[in-house]
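> structure_13.cif is reproduced below (mmCIF, C-alpha atoms and all ligand atoms).
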data_protein
loop_
_atom_site.group_PDB
_atom_site.id
_atom_site.type_symbol
_atom_site.label_atom_id
_atom_site.label_comp_id
_atom_site.auth_asym_id
_atom_site.auth_seq_id
_atom_site.Cartn_x
_atom_site.Cartn_y
_atom_site.Cartn_z
ATOM 1 C CA MET Q 13 133.950 139.405 85.854
ATOM 2 C CA GLU Q 14 136.593 138.010 88.185
ATOM 3 C CA ALA Q 15 135.283 135.029 90.142
ATOM 4 C CA ASP Q 16 136.273 135.299 93.760
ATOM 5 C CA LEU Q 17 136.409 132.123 95.809
ATOM 6 C CA GLN Q 18 136.536 134.004 99.121
ATOM 7 C CA SER Q 19 132.760 134.185 99.197
ATOM 8 C CA VAL Q 20 132.186 130.653 97.915
ATOM 9 C CA PHE Q 21 131.313 128.022 100.488
ATOM 10 C CA ILE Q 22 131.860 124.442 99.393
ATOM 11 C CA PRO Q 23 129.508 121.955 101.096
ATOM 12 C CA SER Q 24 130.737 118.506 102.098
ATOM 13 C CA SER Q 25 127.693 116.354 101.283
ATOM 14 C CA ILE Q 26 124.815 116.484 98.885
ATOM 15 C CA TYR Q 27 121.802 114.229 99.374
ATOM 16 C CA LEU Q 28 119.464 113.572 96.458
ATOM 17 C CA TYR Q 29 116.047 112.179 97.379
ATOM 18 C CA GLU Q 30 114.302 110.002 94.831
ATOM 19 C CA GLU Q 31 110.980 110.730 93.197
ATOM 20 C CA LYS Q 32 109.429 107.338 92.445
ATOM 21 C CA THR Q 33 106.871 108.411 89.864
ATOM 22 C CA ALA Q 34 109.299 110.101 87.459
ATOM 23 C CA GLU Q 35 110.277 107.229 85.195
ATOM 24 C CA THR Q 36 112.681 109.287 83.119
ATOM 25 C CA LEU Q 37 114.516 110.802 86.083
ATOM 26 C CA ASP Q 38 117.874 109.095 86.636
ATOM 27 C CA LEU Q 39 119.391 110.391 89.860
ATOM 28 C CA ARG Q 40 122.518 108.261 89.455
ATOM 29 C CA LYS Q 41 123.342 110.269 86.341
ATOM 30 C CA ILE Q 42 122.710 113.527 88.184
ATOM 31 C CA ALA Q 43 124.965 112.401 91.053
ATOM 32 C CA ASP Q 44 127.776 111.511 88.634
ATOM 33 C CA TYR Q 45 127.317 114.833 86.896
ATOM 34 C CA LEU Q 46 127.601 116.789 90.167
ATOM 35 C CA GLU Q 47 130.665 114.879 91.296
ATOM 36 C CA GLY Q 48 132.254 115.641 87.954
ATOM 37 C CA LYS Q 49 131.445 119.354 88.187
ATOM 38 C CA ILE Q 50 132.275 120.108 91.793
ATOM 39 C CA GLU Q 51 135.585 118.775 92.868
ATOM 40 C CA GLY Q 52 135.662 116.863 96.130
ATOM 41 C CA ILE Q 53 131.936 116.805 96.720
ATOM 42 C CA LYS Q 54 130.239 113.611 97.896
ATOM 43 C CA VAL Q 55 126.767 112.926 96.518
ATOM 44 C CA ARG Q 56 124.501 110.368 98.162
ATOM 45 C CA LEU Q 57 121.304 108.960 96.723
ATOM 46 C CA ARG Q 58 118.467 108.388 99.138
ATOM 47 C CA ALA Q 59 114.930 106.992 99.127
ATOM 48 C CA PRO Q 60 112.078 109.537 98.813
ATOM 49 C CA PHE Q 61 112.536 112.186 101.510
ATOM 50 C CA LEU Q 62 109.625 111.383 103.839
ATOM 51 C CA PHE Q 63 110.129 107.673 103.410
ATOM 52 C CA HIS Q 64 113.843 107.989 104.195
ATOM 53 C CA PHE Q 65 113.327 109.828 107.485
ATOM 54 C CA LEU Q 66 110.103 108.194 108.665
ATOM 55 C CA SER Q 67 111.359 104.650 108.124
ATOM 56 C CA SER Q 68 113.828 105.066 110.973
ATOM 57 C CA TYR Q 69 111.041 105.995 113.448
ATOM 58 C CA PRO Q 70 109.431 103.357 115.682
ATOM 59 C CA PRO Q 71 105.896 102.489 114.386
ATOM 60 C CA GLU Q 72 103.946 104.520 116.936
ATOM 61 C CA ARG Q 73 105.979 107.651 116.441
ATOM 62 C CA ARG Q 74 105.792 107.150 112.673
ATOM 63 C CA ASP Q 75 101.975 107.020 112.729
ATOM 64 C CA GLN Q 76 101.761 110.120 114.909
ATOM 65 C CA THR Q 77 104.154 111.970 112.647
ATOM 66 C CA ILE Q 78 102.182 111.009 109.539
ATOM 67 C CA ASP Q 79 98.976 112.340 111.168
ATOM 68 C CA HIS Q 80 100.704 115.566 112.025
ATOM 69 C CA LEU Q 81 102.309 115.923 108.582
ATOM 70 C CA ALA Q 82 99.008 115.166 106.815
ATOM 71 C CA ARG Q 83 97.410 118.091 108.641
ATOM 72 C CA ARG Q 84 100.245 120.406 107.739
ATOM 73 C CA PHE Q 85 100.312 119.380 104.062
ATOM 74 C CA ALA Q 86 96.523 119.744 103.814
ATOM 75 C CA GLY Q 87 96.937 123.221 105.273
ATOM 76 C CA ALA Q 88 99.652 124.027 102.717
ATOM 77 C CA ARG Q 89 97.238 123.701 99.778
ATOM 78 C CA VAL Q 90 96.610 126.778 97.737
ATOM 79 C CA LYS Q 91 92.826 127.054 97.564
ATOM 80 C CA ASP Q 92 92.679 130.123 95.386
ATOM 81 C CA PRO Q 93 95.800 131.244 93.475
ATOM 82 C CA SER Q 94 94.649 134.864 93.643
ATOM 83 C CA LYS Q 95 94.409 134.936 97.451
ATOM 84 C CA PRO Q 96 97.290 134.781 99.916
ATOM 85 C CA ASP Q 97 94.896 133.721 102.694
ATOM 86 C CA ARG Q 98 96.272 130.745 104.553
ATOM 87 C CA SER Q 99 94.021 130.784 107.588
ATOM 88 C CA PHE Q 100 91.529 128.095 106.498
ATOM 89 C CA ARG Q 101 91.112 124.829 108.356
ATOM 90 C CA PRO Q 102 91.766 121.777 106.181
ATOM 91 C CA MET Q 103 88.821 119.444 105.681
ATOM 92 C CA PRO Q 104 88.982 115.834 107.002
ATOM 93 C CA VAL Q 105 88.832 114.467 103.436
ATOM 94 C CA GLU Q 106 91.901 116.536 102.533
ATOM 95 C CA ILE Q 107 93.793 115.264 105.564
ATOM 96 C CA GLU Q 108 92.884 111.669 104.652
ATOM 97 C CA TYR Q 109 94.119 112.230 101.110
ATOM 98 C CA GLU Q 110 97.454 113.493 102.465
ATOM 99 C CA LYS Q 111 97.768 110.459 104.748
ATOM 100 C CA ARG Q 112 97.358 108.139 101.768
ATOM 101 C CA ARG Q 113 99.908 110.158 99.821
ATOM 102 C CA LEU Q 114 102.438 110.115 102.666
ATOM 103 C CA LYS Q 115 102.219 106.341 103.119
ATOM 104 C CA GLN Q 116 102.857 105.609 99.466
ATOM 105 C CA PRO Q 117 106.187 106.692 97.936
ATOM 106 C CA ASP Q 118 104.859 106.319 94.374
ATOM 107 C CA PHE Q 119 101.658 108.301 94.911
ATOM 108 C CA LYS Q 120 100.903 110.687 92.038
ATOM 109 C CA ALA Q 121 99.970 114.038 93.508
ATOM 110 C CA PHE Q 122 98.988 115.922 90.384
ATOM 111 C CA GLY Q 123 96.477 118.717 90.189
ATOM 112 C CA ILE Q 124 96.868 120.276 93.637
ATOM 113 C CA LEU Q 125 98.983 123.392 94.052
ATOM 114 C CA TYR Q 126 100.840 123.665 97.361
ATOM 115 C CA ASN Q 127 102.454 126.673 98.954
ATOM 116 C CA GLY Q 128 106.104 125.819 98.268
ATOM 117 C CA THR Q 129 107.514 127.814 101.161
ATOM 118 C CA GLU Q 130 105.281 125.924 103.572
ATOM 119 C CA VAL Q 131 106.219 122.574 101.978
ATOM 120 C CA GLN Q 132 109.876 123.483 102.465
ATOM 121 C CA ARG Q 133 109.219 124.316 106.130
ATOM 122 C CA ILE Q 134 107.391 121.010 106.731
ATOM 123 C CA LEU Q 135 110.280 119.043 105.216
ATOM 124 C CA ARG Q 136 112.920 121.073 107.048
ATOM 125 C CA ASP Q 137 111.450 120.078 110.403
ATOM 126 C CA LEU Q 138 112.291 116.436 109.627
ATOM 127 C CA ILE Q 139 115.989 116.971 108.951
ATOM 128 C CA PRO Q 140 117.996 115.852 111.981
ATOM 129 C CA ARG Q 141 120.324 118.375 113.581
ATOM 130 C CA LYS Q 142 123.460 116.471 112.593
ATOM 131 C CA GLU Q 143 122.548 116.895 108.931
ATOM 132 C CA SER Q 144 121.443 120.503 109.027
ATOM 133 C CA GLY Q 145 123.672 123.484 108.497
ATOM 134 C CA LEU Q 146 125.457 124.753 105.417
ATOM 135 C CA ARG Q 147 127.741 121.768 104.996
ATOM 136 C CA HIS Q 148 124.802 119.598 103.998
ATOM 137 C CA VAL Q 149 122.775 120.114 100.849
ATOM 138 C CA HIS Q 150 119.436 118.295 100.751
ATOM 139 C CA ILE Q 151 117.738 118.220 97.366
ATOM 140 C CA VAL Q 152 114.241 116.757 97.406
ATOM 141 C CA PHE Q 153 112.632 115.682 94.147
ATOM 142 C CA THR Q 154 108.860 115.604 94.349
ATOM 143 C CA ASN Q 155 105.861 115.322 92.045
ATOM 144 C CA GLN Q 156 103.997 117.816 94.230
ATOM 145 C CA PHE Q 157 103.072 120.920 92.312
ATOM 146 C CA ILE Q 158 104.434 123.956 94.184
ATOM 147 C CA GLY Q 159 104.000 127.693 93.921
ATOM 148 C CA THR Q 160 104.946 130.877 95.727
ATOM 149 C CA TRP Q 161 102.974 134.044 96.338
ATOM 150 C CA ASP Q 162 104.117 136.923 94.165
ATOM 151 C CA GLU Q 163 103.737 140.349 95.754
ATOM 152 C CA GLY Q 164 104.224 141.946 92.329
ATOM 153 C CA ASP Q 165 101.087 140.711 90.618
ATOM 154 C CA LEU Q 166 99.273 139.407 93.674
ATOM 155 C CA ARG Q 167 98.913 135.767 92.819
ATOM 156 C CA TYR Q 168 100.603 132.408 93.274
ATOM 157 C CA HIS Q 169 103.072 131.387 90.594
ATOM 158 C CA ALA Q 170 103.907 127.758 89.914
ATOM 159 C CA ARG Q 171 107.608 127.000 90.358
ATOM 160 C CA VAL Q 172 110.022 124.332 89.157
ATOM 161 C CA ALA Q 173 112.161 124.675 92.263
ATOM 162 C CA LEU Q 174 112.615 126.416 95.578
ATOM 163 C CA TYR Q 175 116.103 126.685 96.994
ATOM 164 C CA GLY Q 176 117.027 126.528 100.650
ATOM 165 C CA MET Q 177 117.035 123.952 103.424
ATOM 166 C CA PRO Q 178 115.966 121.692 101.823
ATOM 167 C CA SER Q 179 115.855 122.595 98.148
ATOM 168 C CA VAL Q 180 112.705 121.233 96.512
ATOM 169 C CA ILE Q 181 112.550 120.412 92.802
ATOM 170 C CA SER Q 182 109.159 119.568 91.312
ATOM 171 C CA THR Q 183 108.990 117.156 88.379
ATOM 172 C CA THR Q 184 105.437 118.388 87.759
ATOM 173 C CA GLY Q 185 106.706 121.961 87.865
ATOM 174 C CA VAL Q 186 109.152 121.305 85.008
ATOM 175 C CA VAL Q 187 106.150 120.576 82.784
ATOM 176 C CA GLU Q 188 103.602 122.998 84.221
ATOM 177 C CA ALA Q 189 105.478 126.011 85.603
ATOM 178 C CA PRO Q 190 107.411 127.559 82.684
ATOM 179 C CA ALA Q 191 104.896 128.765 80.100
ATOM 180 C CA LYS Q 192 104.563 126.983 76.763
ATOM 181 C CA PRO Q 193 104.797 128.977 73.505
ATOM 182 C CA ARG Q 194 101.835 131.317 72.971
ATOM 183 C CA GLU Q 195 101.040 129.714 69.605
ATOM 184 C CA TYR Q 196 100.640 126.370 71.310
ATOM 185 C CA TYR Q 197 97.956 127.737 73.660
ATOM 186 C CA LEU Q 198 96.172 129.440 70.749
ATOM 187 C CA LEU Q 199 96.096 126.300 68.638
ATOM 188 C CA ARG Q 200 95.058 124.166 71.608
ATOM 189 C CA ASN Q 201 92.163 126.514 72.345
ATOM 190 C CA GLN Q 202 91.113 126.331 68.705
ATOM 191 C CA LEU Q 203 91.084 122.538 68.871
ATOM 192 C CA ARG Q 204 89.024 122.672 72.052
ATOM 193 C CA ALA Q 205 86.523 125.038 70.476
ATOM 194 C CA THR Q 206 86.064 122.748 67.483
ATOM 195 C CA GLY Q 207 85.676 119.646 69.666
ATOM 196 C CA ALA Q 208 88.699 117.903 68.125
ATOM 197 C CA ASP Q 209 89.511 114.331 69.172
ATOM 198 C CA GLU Q 210 92.423 113.234 71.362
ATOM 199 C CA ALA Q 211 94.573 112.347 68.355
ATOM 200 C CA ALA Q 212 94.499 115.961 67.217
ATOM 201 C CA PHE Q 213 95.776 117.156 70.617
ATOM 202 C CA LEU Q 214 98.554 114.563 70.596
ATOM 203 C CA GLU Q 215 99.531 115.630 67.110
ATOM 204 C CA LEU Q 216 99.691 119.225 68.263
ATOM 205 C CA LYS Q 217 101.967 118.285 71.178
ATOM 206 C CA GLU Q 218 104.135 116.349 68.763
ATOM 207 C CA ARG Q 219 104.554 119.427 66.577
ATOM 208 C CA PHE Q 220 105.788 121.441 69.548
ATOM 209 C CA ALA Q 221 107.986 118.664 71.016
ATOM 210 C CA ASP Q 222 111.209 120.641 70.667
ATOM 211 C CA ARG Q 223 109.593 123.689 72.287
ATOM 212 C CA PHE Q 224 108.359 122.271 75.571
ATOM 213 C CA ILE Q 225 108.916 119.413 78.019
ATOM 214 C CA ASP Q 226 106.091 116.968 78.633
ATOM 215 C CA HIS Q 227 105.322 114.454 81.410
ATOM 216 C CA ASP Q 228 107.751 111.489 81.408
ATOM 217 C CA ASP Q 229 109.919 113.332 78.936
ATOM 218 C CA PRO Q 230 113.196 111.533 78.111
ATOM 219 C CA ARG Q 231 115.007 114.888 78.458
ATOM 220 C CA LEU Q 232 114.017 115.301 82.137
ATOM 221 C CA THR Q 233 117.327 114.134 83.666
ATOM 222 C CA GLN Q 234 119.327 116.395 81.381
ATOM 223 C CA ILE Q 235 117.092 119.378 82.235
ATOM 224 C CA LEU Q 236 117.253 118.774 85.986
ATOM 225 C CA LYS Q 237 121.063 118.729 86.071
ATOM 226 C CA GLY Q 238 120.847 122.506 85.715
ATOM 227 C CA TYR Q 239 118.273 122.897 88.490
ATOM 228 C CA VAL Q 240 120.424 120.806 90.809
ATOM 229 C CA MET Q 241 123.360 123.077 89.981
ATOM 230 C CA GLN Q 242 121.157 126.073 90.869
ATOM 231 C CA ALA Q 243 120.470 124.462 94.257
ATOM 232 C CA VAL Q 244 124.187 123.879 94.803
ATOM 233 C CA PHE Q 245 125.079 127.435 93.752
ATOM 234 C CA PHE Q 246 122.469 128.705 96.193
ATOM 235 C CA HIS Q 247 124.405 126.950 98.963
ATOM 236 C CA MET Q 248 127.816 127.955 97.672
ATOM 237 C CA THR Q 249 127.183 131.629 96.888
ATOM 238 C CA GLY Q 250 123.692 132.536 98.108
ATOM 239 C CA ASP Q 251 122.550 133.143 94.528
ATOM 240 C CA PRO Q 252 121.143 130.276 92.445
ATOM 241 C CA PHE Q 253 120.532 132.342 89.307
ATOM 242 C CA CYS Q 254 122.332 133.943 86.394
ATOM 243 C CA ASP Q 255 121.159 136.608 83.932
ATOM 244 C CA ASP Q 256 122.800 134.899 80.991
ATOM 245 C CA ALA Q 257 120.134 132.987 79.020
ATOM 246 C CA THR Q 258 122.724 130.457 77.799
ATOM 247 C CA CYS Q 259 123.838 129.485 81.332
ATOM 248 C CA ARG Q 260 122.282 126.528 83.184
ATOM 249 C CA LEU Q 261 121.648 128.866 86.107
ATOM 250 C CA TYR Q 262 119.264 131.010 84.070
ATOM 251 C CA ASN Q 263 115.881 131.425 85.776
ATOM 252 C CA ALA Q 264 113.626 130.439 82.864
ATOM 253 C CA HIS Q 265 109.987 131.559 82.793
ATOM 254 C CA TRP Q 266 109.235 130.017 79.421
ATOM 255 C CA GLN Q 267 109.649 126.411 78.320
ATOM 256 C CA GLU Q 268 111.701 127.563 75.352
ATOM 257 C CA GLU Q 269 114.068 129.450 77.663
ATOM 258 C CA MET Q 270 114.441 126.362 79.847
ATOM 259 C CA ILE Q 271 115.204 124.171 76.814
ATOM 260 C CA ARG Q 272 117.761 126.681 75.572
ATOM 261 C CA ALA Q 273 119.557 127.030 78.926
ATOM 262 C CA GLN Q 274 119.552 123.298 79.720
ATOM 263 C CA LEU Q 275 119.675 121.504 76.378
ATOM 264 C CA THR Q 276 120.513 123.454 73.257
ATOM 265 C CA SER Q 277 122.904 126.148 74.482
ATOM 266 C CA GLU Q 278 126.416 125.619 73.121
ATOM 267 C CA ARG Q 279 127.932 125.982 76.556
ATOM 268 C CA GLU Q 280 126.779 124.777 79.953
ATOM 269 C CA PHE Q 281 127.734 127.790 82.016
ATOM 270 C CA CYS Q 282 128.558 131.421 81.350
ATOM 271 C CA SER Q 283 132.204 132.371 81.725
ATOM 272 C CA ARG Q 284 131.726 133.677 85.273
ATOM 273 C CA HIS Q 285 130.136 130.480 86.580
ATOM 274 C CA GLN Q 286 132.547 128.333 84.586
ATOM 275 C CA GLU Q 287 135.365 130.228 86.279
ATOM 276 C CA ILE Q 288 133.972 129.592 89.775
ATOM 277 C CA LEU Q 289 133.807 125.838 89.026
ATOM 278 C CA ARG Q 290 137.343 125.895 87.613
ATOM 279 C CA LYS Q 291 138.685 127.677 90.685
ATOM 280 C CA ILE Q 292 137.034 125.165 93.001
ATOM 281 C CA ARG Q 293 138.784 122.429 91.019
ATOM 282 C CA SER Q 294 142.203 124.025 91.199
ATOM 283 C CA LYS Q 295 141.790 124.893 94.884
ATOM 284 C CA LYS Q 296 140.843 121.326 95.738
ATOM 285 C CA GLY Q 297 143.597 119.986 93.533
ATOM 286 C CA SER Q 298 146.327 122.123 95.087
HETATM 287 ZN ZN ZN F 1 126.030 131.962 84.663
#
Can you turn what I pasted into structure tokens?


Amino acid sequence: MEADLQSVFIPSSIYLYEEKTAETLDLRKIADYLEGKIEGIKVRLRAPFLFHFLSSYPPERRDQTIDHLARRFAGARVKDPSKPDRSFRPMPVEIEYEKRRLKQPDFKAFGILYNGTEVQRILRDLIPRKESGLRHVHIVFTNQFIGTWDEGDLRYHARVALYGMPSVISTTGVVEAPAKPREYYLLRNQLRATGADEAAFLELKERFADRFIDHDDPRLTQILKGYVMQAVFFHMTGDPFCDDATCRLYNAHWQEEMIRAQLTSEREFCSRHQEILRKIRSKKGS
């Protein structure tokens, strides 16, 4: 297919916000990768998103904002993945938990599923006007576990990323959202049923190491390059995804699909997406 640059919008700045708990995530490498792929783009690394914006507020306003944000995040929790109901009032203990999380950039927020669309909205409200608009791409890395409601099968689905203003990429989602191989779940359930010890579970994970990504996986940075490109393509063309399973823009639902698209595929992008990147290069170079 002929790649047409008429409908491609090239942003001027990309901001990558750190995620302090992901030890194997190297944003410098991702920034270099992006600058190499998209001619003329400027990538800036920033502190964790909330920390970056709140640190410029005077103390009183910062405290008030944290109170307000804690309420909103507590209200963004998914209480029951099979119910879209969002009308509950958060409990004080949940609000307190969120306050602690917001004050600590390296807080590990595992185990709670949040409504990703709501998380995106909460973060968007903090982006100053001068940095909003299509020219600016904000990509927030978080360890929050996010999901979206699926009208098709009436439940929340965990997601690796949500694209928009800002784009949110979940390091927990990389591990938990795409499904692991069926055999892995079967064998794990067998081990559970027989009361196997921890060593047996670790051994099982080891056996499947090339078929799924685990927490603190050394391949995380390499995997997330593709998700960052999806975020950038969302801004440039309105469509972050590709149907070709060997392209980094493939929307993987299985761990094995993600590993294929991001790590083991012989090419990075399908010919159509490769062509768009090439045209951007020659346009900028001319
Ligand atoms: Zn493609």

> Ligand ZN 1 (chain F): which residues are within 6 Å, counting all atoms listed in the file, as a PyMOL selection string?

chain Q and resi 254+256+259+261+281-282+284-285

> Ranking Q:Arg74, Q:Arg89, Q:Arg171, Q:Arg56 by minimum distance to Q:Thr183 and counting only C-alpha atoms, which one comes first?

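Among the listed residues, Q:Arg171 lies closest to Q:Thr183.
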
> Taking 5 positions as the minimum chain separation for residues in the same chain, which residues sit within 12 Å of stretch 213-221 of chain Q when counting only C-alpha atoms? Answer as an MDAnalysis selection string.

chainID Q and resid 192:204 206:208 226:227 229:231 267:268 271

> Selection in question (the file shown): the PyMOL selection byres (((chain Q and resi 153-160) around 7) and not hetatm). Which residues does it include, as a list of chain:residue names?

Q:Tyr29, Q:Glu30, Q:Glu31, Q:Lys120, Q:Ala121, Q:Phe122, Q:Ile124, Q:Leu125, Q:Tyr126, Q:Asn127, Q:Gly128, Q:Thr129, Q:Ile151, Q:Val152, Q:Trp161, Q:Asp162, Q:Tyr168, Q:His169, Q:Ala170, Q:Arg171, Q:Val180, Q:Ile181, Q:Ser182, Q:Thr183, Q:Thr184, Q:Gly185

> Using only C-alpha atoms, find the one residue out of Q:Tyr239, Q:Arg260, Q:Arg293, Q:Val90 that sits nearest to Q:Ile53.

Q:Arg293

> Just to confirm, what's the straight-line distance from atom CA of Q:Ile292 to atom CA of Q:Gly145 in Å (one decimal)?

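Atom-to-atom, atom CA of Q:Ile292 and atom CA of Q:Gly145 are spaced 20.5 Å apart.
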
> May I ask for the distance between atom CA of Q:Arg223 and atom CA of Q:Phe253, given in Å to one decimal place?

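Between these atoms lies a distance of 22.0 Å.
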
> Evaluate the PyMOL selection byres (((chain Q and resi 103-112) around 9) and not hetatm) against this structure - the residues, as a compact mmCIF listing (two decimals) with C-alpha atoms, in the frame of the given file, please.


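The resulting file, expr_4.txt, is shown below:
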# COMPACT_ATOMS: atom_id res chain seq x y z
CA ILE Q 78 102.18 111.01 109.54
CA ASP Q 79 98.98 112.34 111.17
CA LEU Q 81 102.31 115.92 108.58
CA ALA Q 82 99.01 115.17 106.82
CA ARG Q 83 97.41 118.09 108.64
CA ARG Q 84 100.24 120.41 107.74
CA PHE Q 85 100.31 119.38 104.06
CA ALA Q 86 96.52 119.74 103.81
CA GLY Q 87 96.94 123.22 105.27
CA ARG Q 101 91.11 124.83 108.36
CA PRO Q 102 91.77 121.78 106.18
CA ARG Q 113 99.91 110.16 99.82
CA LEU Q 114 102.44 110.12 102.67
CA LYS Q 115 102.22 106.34 103.12
CA GLN Q 116 102.86 105.61 99.47
CA PHE Q 119 101.66 108.30 94.91

> Could you jot down the atom CA of Q:Asp251 to atom CA of Q:Leu289 separation for me, Å, one decimal place?

14.5 Å

> Could you tell me which of Q:Ala43, Q:Ile134, Q:Ala88, Q:Ala205 comes closest to Q:Tyr27 if we count all atoms listed in the file?

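Answer, going by the shortest atom-to-atom distance: Q:Ala43.
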
> Add whatever atoms are absent from stretch 191-210 of chain Q to reach N, CA and C atoms, and provide the output as a tab-separated table (two decimals), keeping the file's coordinate frame.


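Below you can see result_25.tsv, which holds the result:
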chain	number	residue	atom	x	y	z
Q	191	ALA	N	105.99	128.69	81.07
Q	191	ALA	CA	104.90	128.76	80.10
Q	191	ALA	C	105.31	128.17	78.76
Q	192	LYS	N	104.34	127.54	78.10
Q	192	LYS	CA	104.56	126.98	76.76
Q	192	LYS	C	104.46	128.12	75.74
Q	193	PRO	N	104.88	127.90	74.50
Q	193	PRO	CA	104.80	128.98	73.50
Q	193	PRO	C	103.35	129.45	73.32
Q	194	ARG	N	103.19	130.75	73.13
Q	194	ARG	CA	101.84	131.32	72.97
Q	194	ARG	C	101.05	130.63	71.86
Q	195	GLU	N	101.75	130.34	70.74
Q	195	GLU	CA	101.04	129.71	69.60
Q	195	GLU	C	100.44	128.37	70.01
Q	196	TYR	N	101.16	127.66	70.88
Q	196	TYR	CA	100.64	126.37	71.31
Q	196	TYR	C	99.29	126.55	72.01
Q	197	TYR	N	99.21	127.51	72.93
Q	197	TYR	CA	97.96	127.74	73.66
Q	197	TYR	C	96.84	128.14	72.69
Q	198	LEU	N	97.18	129.00	71.72
Q	198	LEU	CA	96.17	129.44	70.75
Q	198	LEU	C	95.61	128.26	69.96
Q	199	LEU	N	96.54	127.44	69.45
Q	199	LEU	CA	96.10	126.30	68.64
Q	199	LEU	C	95.31	125.30	69.48
Q	200	ARG	N	95.75	125.11	70.73
Q	200	ARG	CA	95.06	124.17	71.61
Q	200	ARG	C	93.63	124.66	71.88
Q	201	ASN	N	93.50	125.96	72.11
Q	201	ASN	CA	92.16	126.51	72.34
Q	201	ASN	C	91.27	126.36	71.12
Q	202	GLN	N	91.88	126.53	69.95
Q	202	GLN	CA	91.11	126.33	68.70
Q	202	GLN	C	90.59	124.90	68.61
Q	203	LEU	N	91.50	123.95	68.92
Q	203	LEU	CA	91.08	122.54	68.87
Q	203	LEU	C	89.94	122.28	69.84
Q	204	ARG	N	90.08	122.86	71.04
Q	204	ARG	CA	89.02	122.67	72.05
Q	204	ARG	C	87.70	123.20	71.53
Q	205	ALA	N	87.76	124.39	70.94
Q	205	ALA	CA	86.52	125.04	70.48
Q	205	ALA	C	85.85	124.24	69.36
Q	206	THR	N	86.66	123.51	68.59
Q	206	THR	CA	86.06	122.75	67.48
Q	206	THR	C	85.76	121.31	67.89
Q	207	GLY	N	85.99	120.99	69.18
Q	207	GLY	CA	85.68	119.65	69.67
Q	207	GLY	C	86.53	118.56	69.02
Q	208	ALA	N	87.81	118.87	68.78
Q	208	ALA	CA	88.70	117.90	68.12
Q	208	ALA	C	88.91	116.67	69.01
Q	209	ASP	N	89.29	115.56	68.39
Q	209	ASP	CA	89.51	114.33	69.17
Q	209	ASP	C	90.92	114.32	69.79
Q	210	GLU	N	91.16	113.31	70.62
Q	210	GLU	CA	92.42	113.23	71.36
Q	210	GLU	C	93.64	113.17	70.44
